[in-house]
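Chemist: Please find coords_4.txt (compact mmCIF, C-alpha atoms) on the next line:
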# COMPACT_ATOMS: atom_id res chain seq x y z
CA MET V 135 126.55 212.79 109.70
CA GLN V 136 130.06 213.47 110.93
CA THR V 137 131.42 210.84 108.56
CA TYR V 138 129.38 212.20 105.62
CA PRO V 139 129.05 215.98 106.22
CA LYS V 140 127.21 216.61 102.92
CA VAL V 141 124.41 214.20 103.81
CA ASN V 142 121.16 215.57 105.25
CA LEU V 143 118.68 213.46 107.17
CA SER V 144 114.95 213.89 107.49
CA LEU V 145 113.66 211.67 110.29
CA ASN V 146 110.11 210.55 111.08
CA TYR V 147 109.62 208.87 114.49
CA THR V 148 106.58 206.61 114.92
CA ASP V 149 105.78 203.30 116.54
CA GLN V 150 103.33 202.55 113.72
CA VAL V 151 104.39 200.31 110.84
CA ILE V 152 104.21 202.43 107.73
CA ASN V 153 104.53 201.60 104.05
CA ILE V 154 107.84 203.19 103.14
CA MET V 155 107.02 203.01 99.43
CA ASP V 156 103.78 204.98 99.89
CA GLU V 157 105.53 207.49 102.16
CA GLY V 158 108.47 207.96 99.77
CA LEU V 159 111.02 206.95 102.39
CA ASP V 160 114.43 205.53 101.62
CA LEU V 161 114.83 203.55 104.83
CA SER V 162 112.89 202.44 107.89
CA ILE V 163 114.22 201.16 111.19
CA ARG V 164 111.73 198.59 112.43
CA VAL V 165 111.64 197.25 115.94
CA GLY V 166 110.21 193.83 116.69
CA TRP V 167 109.98 190.85 114.41
CA LEU V 168 109.76 191.19 110.65
CA GLU V 169 107.05 189.64 108.58
CA ASP V 170 107.63 188.50 105.02
CA SER V 171 107.95 191.43 102.67
CA SER V 172 109.23 192.41 99.26
CA LEU V 173 111.55 194.88 100.98
CA MET V 174 115.22 194.33 101.68
CA ALA V 175 116.11 193.95 105.37
CA ARG V 176 119.18 193.65 107.56
CA LYS V 177 119.31 193.08 111.30
CA ILE V 178 121.25 195.91 112.91
CA GLY V 179 120.74 195.26 116.60
CA GLU V 180 118.83 193.59 119.38
CA SER V 181 117.53 194.60 122.79
CA ARG V 182 116.34 192.70 125.82
CA ARG V 183 112.79 193.42 126.94
CA PHE V 184 111.90 193.82 130.59
CA LEU V 185 108.60 193.46 132.38
CA VAL V 186 108.42 196.50 134.66
CA ALA V 187 106.09 198.21 137.10
CA SER V 188 106.43 201.38 139.08
CA SER V 189 107.78 200.85 142.59
CA LYS V 190 104.49 202.15 144.00
CA TYR V 191 102.35 199.79 141.88
CA ALA V 192 104.57 196.80 142.65
CA SER V 193 104.44 197.51 146.40
CA LYS V 194 100.65 196.98 146.32
CA HIS V 195 101.09 193.36 145.22
CA GLN V 196 102.69 190.22 146.57
CA PRO V 197 106.12 189.88 144.84
CA PRO V 198 105.66 187.34 142.01
CA THR V 199 107.92 184.31 141.66
CA HIS V 200 106.22 182.78 138.61
CA PRO V 201 104.43 184.31 135.59
CA ASN V 202 101.16 182.76 136.77
CA ASP V 203 101.36 185.09 139.79
CA LEU V 204 100.66 188.03 137.44
CA LYS V 205 97.16 187.02 136.39
CA GLN V 206 95.53 189.61 138.68
CA TRP V 207 97.93 192.44 137.88
CA ASP V 208 96.87 195.20 135.48
CA TRP V 209 98.87 195.68 132.30
CA VAL V 210 99.57 198.59 129.98
CA HIS V 211 99.22 196.86 126.63
CA PHE V 212 101.07 197.70 123.41
CA SER V 213 98.26 197.50 120.86
CA MET V 214 100.53 196.42 117.99
CA ARG V 215 101.24 193.00 119.53
CA GLY V 216 99.10 190.19 120.87
CA SER V 217 97.83 190.04 124.43
CA THR V 218 99.69 186.85 125.34
CA VAL V 219 103.21 186.93 126.73
CA ASP V 220 105.72 184.06 126.70
CA PHE V 221 108.16 183.87 129.59
CA THR V 222 111.17 181.55 129.55
CA SER V 223 112.77 180.42 132.80
CA GLN V 224 116.47 179.89 133.30
CA ASN V 225 115.95 176.12 132.91
CA GLY V 226 114.00 176.51 129.64
CA GLU V 227 110.42 176.26 130.92
CA VAL V 228 108.09 178.38 128.77
CA VAL V 229 104.96 179.84 130.33
CA CYS V 230 102.38 181.78 128.34
CA ILE V 231 100.03 184.16 130.13
CA CYS V 232 97.38 186.57 128.91
CA GLU V 233 97.63 190.24 129.86
CA LYS V 234 94.72 191.77 131.75
CA SER V 235 94.97 195.27 130.32
CA ARG V 236 92.96 198.32 131.23
CA VAL V 237 95.12 200.67 129.15
CA ASN V 238 95.98 200.03 125.49
CA VAL V 239 98.47 202.29 123.72
CA ASN V 240 100.36 202.39 120.41
CA SER V 241 103.66 203.81 121.67
CA ALA V 242 106.47 202.46 123.83
CA LEU V 243 106.91 205.91 125.38
CA ALA V 244 103.22 205.87 126.31
CA ILE V 245 103.69 202.49 128.01
CA SER V 246 106.55 203.96 130.03
CA HIS V 247 104.43 206.98 130.97
CA PHE V 248 101.42 204.95 132.15
CA VAL V 249 103.63 202.51 134.04
CA SER V 250 105.19 205.50 135.82
CA GLU V 251 101.65 206.66 136.65
CA ASN V 252 101.09 203.39 138.58
CA LEU V 253 98.58 201.93 136.12
CA GLY V 254 100.13 198.50 135.75
CA LEU V 255 102.86 196.35 134.25
CA GLY V 256 104.53 197.12 130.94
CA ILE V 257 106.95 195.36 128.64
CA LEU V 258 109.64 197.72 127.39
CA PRO V 259 113.07 197.54 125.75
CA GLU V 260 115.98 197.70 128.17
CA ASN V 261 117.23 201.01 126.78
CA LEU V 262 113.89 202.72 127.61
CA VAL V 263 113.84 201.62 131.27
CA LYS V 264 117.49 201.62 132.26
CA LYS V 265 117.39 205.01 134.03
CA GLN V 266 114.13 204.33 135.86
CA LEU V 267 115.47 200.98 137.06
CA ALA V 268 118.70 202.60 138.28
CA ARG V 269 116.69 205.26 140.17
CA GLU V 270 114.38 202.50 141.52
CA GLU V 271 111.35 204.23 140.01
CA PHE V 272 110.64 201.01 138.09
CA ILE V 273 111.00 197.46 139.36
CA HIS V 274 112.07 194.66 137.02
CA ILE V 275 109.34 192.10 137.59
CA LEU V 276 110.39 188.43 137.35
CA PRO V 277 114.02 189.17 136.45
CA ASN V 278 114.81 185.43 136.39
CA TRP V 279 112.36 184.95 133.51
CA GLN V 280 113.23 186.16 130.02
CA LEU V 281 111.06 187.68 127.31
CA LYS V 282 111.83 187.29 123.63
CA PRO V 283 114.31 190.06 122.70
CA LEU V 284 113.42 192.74 120.18
CA GLY V 285 115.20 192.82 116.87
CA TYR V 286 116.11 196.11 115.22
CA TYR V 287 116.04 195.99 111.43
CA ALA V 288 116.88 198.35 108.62
CA VAL V 289 114.28 197.93 105.88
CA TRP V 290 114.48 199.54 102.42
CA PRO V 291 113.07 199.12 98.91
CA ASN V 292 114.68 196.35 96.88
CA ASN V 293 115.33 198.71 93.96
CA ALA V 294 118.05 200.58 95.86
CA ARG V 295 121.35 200.76 94.00
CA ARG V 296 124.31 198.98 95.56
CA GLU V 297 126.39 202.01 96.55
CA ASN V 298 123.70 204.59 97.19
CA LEU V 299 123.39 206.52 100.44
CA THR V 300 120.68 204.22 101.81
CA LEU V 301 122.95 201.19 101.67
CA LEU V 302 125.85 203.18 103.10
CA LEU V 303 123.64 204.09 106.05
CA VAL V 304 122.50 200.49 106.52
CA ARG V 305 126.11 199.29 106.53
CA PHE V 306 127.09 202.05 108.95
CA LEU V 307 124.26 201.16 111.35
CA ALA V 308 125.01 197.44 111.17
CA LYS V 309 128.73 197.97 111.75
CA ARG V 310 128.25 200.43 114.58
CA GLY V 311 125.53 198.45 116.34
CA LEU V 312 122.59 200.83 116.31
CA ILE V 313 121.03 199.85 119.63
CA THR V 314 122.80 199.29 122.92
CA ALA V 315 121.67 199.34 126.53
CA GLU V 316 123.27 202.78 126.88
CA ASP V 317 121.03 204.38 124.20
In structure tokens, what does this structure look like?
Modeler:
Amino acid sequence: MQTYPKVNLSLNYTDQVINIMDEGLDLSIRVGWLEDSSLMARKIGESRRFLVASSKYASKHQPPTHPNDLKQWDWVHFSMRGSTVDFTSQNGEVVCICEKSRVNVNSALAISHFVSENLGLGILPENLVKKQLAREEFIHILPNWQLKPLGYYAVWPNNARRENLTLLLVRFLAKRGLITAED
């Protein structure tokens, strides 16, 4: 907005996938992995995902060394993705486990809240847990195992004109790098 002072933004925050055509939106920032669509899309960032638990919840369990050690832990499940989780070790071993969830939510902020309330493990983007990890409120569980990173995508209708404000914003976000660990 500093670069384009005459531009006004109207923002709608939701973790739900919405039909931007039906909602009359010019642009959507989608987090995750895109499915085939008639919309235009451009990757504008990426974020690591961490498996976390509150320090109090983690202290009630034996520290895990392998994903299979988590089978008896409770999970706070993000309802918009499947209940299986793939972990990749540093040597390339892939292990798939099924979450045992007692809480299902449709918001990343809700996952963070219920994890902080000691209700189980949660998978969250690095930028949403950085402060809690630094304050040792959250523990990064199995830090030597990686989860598939989240992609951040700008998505817009394919009838957008080449130099309109939507495409200028997409280019700006892609050039700037929308998501970083500091966000």
Chemist: Calculated over all atoms listed in the file, which of the candidates V:Trp207, V:Tyr138, V:Tyr147, V:Tyr286 has the smallest distance to Ser193 of chain V?
Modeler: V:Trp207
Chemist: Taking (111.0, 195.5, 140.6) in the file's own coordinates, collect the residues within 7 Å, counting only C-alpha atoms, and hand them back as a PyMOL selection string.
Modeler: chain V and resi 186-187+189+192+272-275
Chemist: Extract, using all atoms listed in the file, all DNA, RNA and protein residues at most 10 Å from Leu168 of chain V, discarding same-chain residues fewer than 2 positions from it, and format them as JSON, numbers by chain.
Modeler: {"V": [164, 165, 166, 170, 171, 175, 177, 285, 286, 287, 289]}
Chemist: With C-alpha atoms kept, could you save the residues just selected as a PDB file, keeping the file's coordinate frame?
Modeler:
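Now in again.pdb:
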ATOM      1  CA  ARG V 164     111.730 198.590 112.430  1.00  0.00           C
ATOM      2  CA  VAL V 165     111.640 197.250 115.940  1.00  0.00           C
ATOM      3  CA  GLY V 166     110.210 193.830 116.690  1.00  0.00           C
ATOM      4  CA  ASP V 170     107.630 188.500 105.020  1.00  0.00           C
ATOM      5  CA  SER V 171     107.950 191.430 102.670  1.00  0.00           C
ATOM      6  CA  ALA V 175     116.110 193.950 105.370  1.00  0.00           C
ATOM      7  CA  LYS V 177     119.310 193.080 111.300  1.00  0.00           C
ATOM      8  CA  GLY V 285     115.200 192.820 116.870  1.00  0.00           C
ATOM      9  CA  TYR V 286     116.110 196.110 115.220  1.00  0.00           C
ATOM     10  CA  TYR V 287     116.040 195.990 111.430  1.00  0.00           C
ATOM     11  CA  VAL V 289     114.280 197.930 105.880  1.00  0.00           C
TER      12      VAL V 289
END
Chemist: Have a look at V:Gln280, V:Ser241, V:Ser250, V:Asn298 and name the one nearest to Asp149 of chain V; count all atoms listed in the file.
Modeler: V:Ser241
Chemist: Of the candidates V:Leu173, V:Leu281, V:Leu145, V:Val304, which shows the shortest atom-to-atom distance to Val229 of chain V, using only C-alpha atoms?
Modeler: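 For Val229 of chain V, the nearest of the candidates is V:Leu281.
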Chemist: Which of these, V:Arg310, V:Ala242, V:Leu299, V:Lys205, has the shortest distance to Val141 of chain V once you count all atoms listed in the file?
Modeler: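 Checking each of V:Arg310, V:Ala242, V:Leu299, V:Lys205 against Val141 of chain V, counting all atoms listed in the file, the winner is V:Leu299.
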Chemist: In terms of the shortest atom-to-atom distance over all atoms listed in the file, which of V:Leu262, V:Val239, V:Leu204, V:Leu284 is closest to Gln150 of chain V?
Modeler: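 Nearest to Gln150 of chain V: V:Val239.
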Chemist: Could you check how far atom CA of Ser162 of chain V sits from atom CA of Ala308 of chain V, in Å to one decimal?
Modeler: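 Separating atom CA of Ser162 of chain V from atom CA of Ala308 of chain V is a distance of 13.5 Å.
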Chemist: Between atom CA of Met214 of chain V and atom CA of Asn153 of chain V, what is the spacing in Å?
Modeler: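 Between these atoms lies a distance of 15.4 Å.
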Chemist: Could you list, as JSON, numbers by chain, every residue within 9 Å of Arg236 of chain V, counting all atoms listed in the file and ignoring same-chain residues fewer than 4 positions away?
Modeler: {"V": [208, 209, 210, 211, 253, 254]}
Chemist: Write out as an MDAnalysis selection string the residues lying within 10 Å of Leu159 of chain V, counting only C-alpha atoms and excluding same-chain residues fewer than 2 positions away.
Modeler: chainID V and resid 144:146 152:157 161:162 290:291
Chemist: Pick the closest to Lys194 of chain V from V:Thr222, V:Ser235, V:Asn252, V:Asn292: which is it, counting all atoms listed in the file?
Modeler: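 Smallest separation from Lys194 of chain V among the options: V:Asn252.
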Chemist: Can you tell me, as a list in words, which residues sit within 6 Å of (99.9, 185.8, 129.3) in the file's frame, using all atoms listed in the file?
Modeler: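 Within 6 Å of (99.9, 185.8, 129.3), the protein and nucleic acid residues are Thr218, Val219, Cys230, Ile231, Cys232 and Glu233 of chain V.
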Chemist: One decimal, in Å: what's the spacing between atom CA of Asp203 of chain V and atom CA of Asn225 of chain V?
Modeler: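 The value is 18.5 Å.
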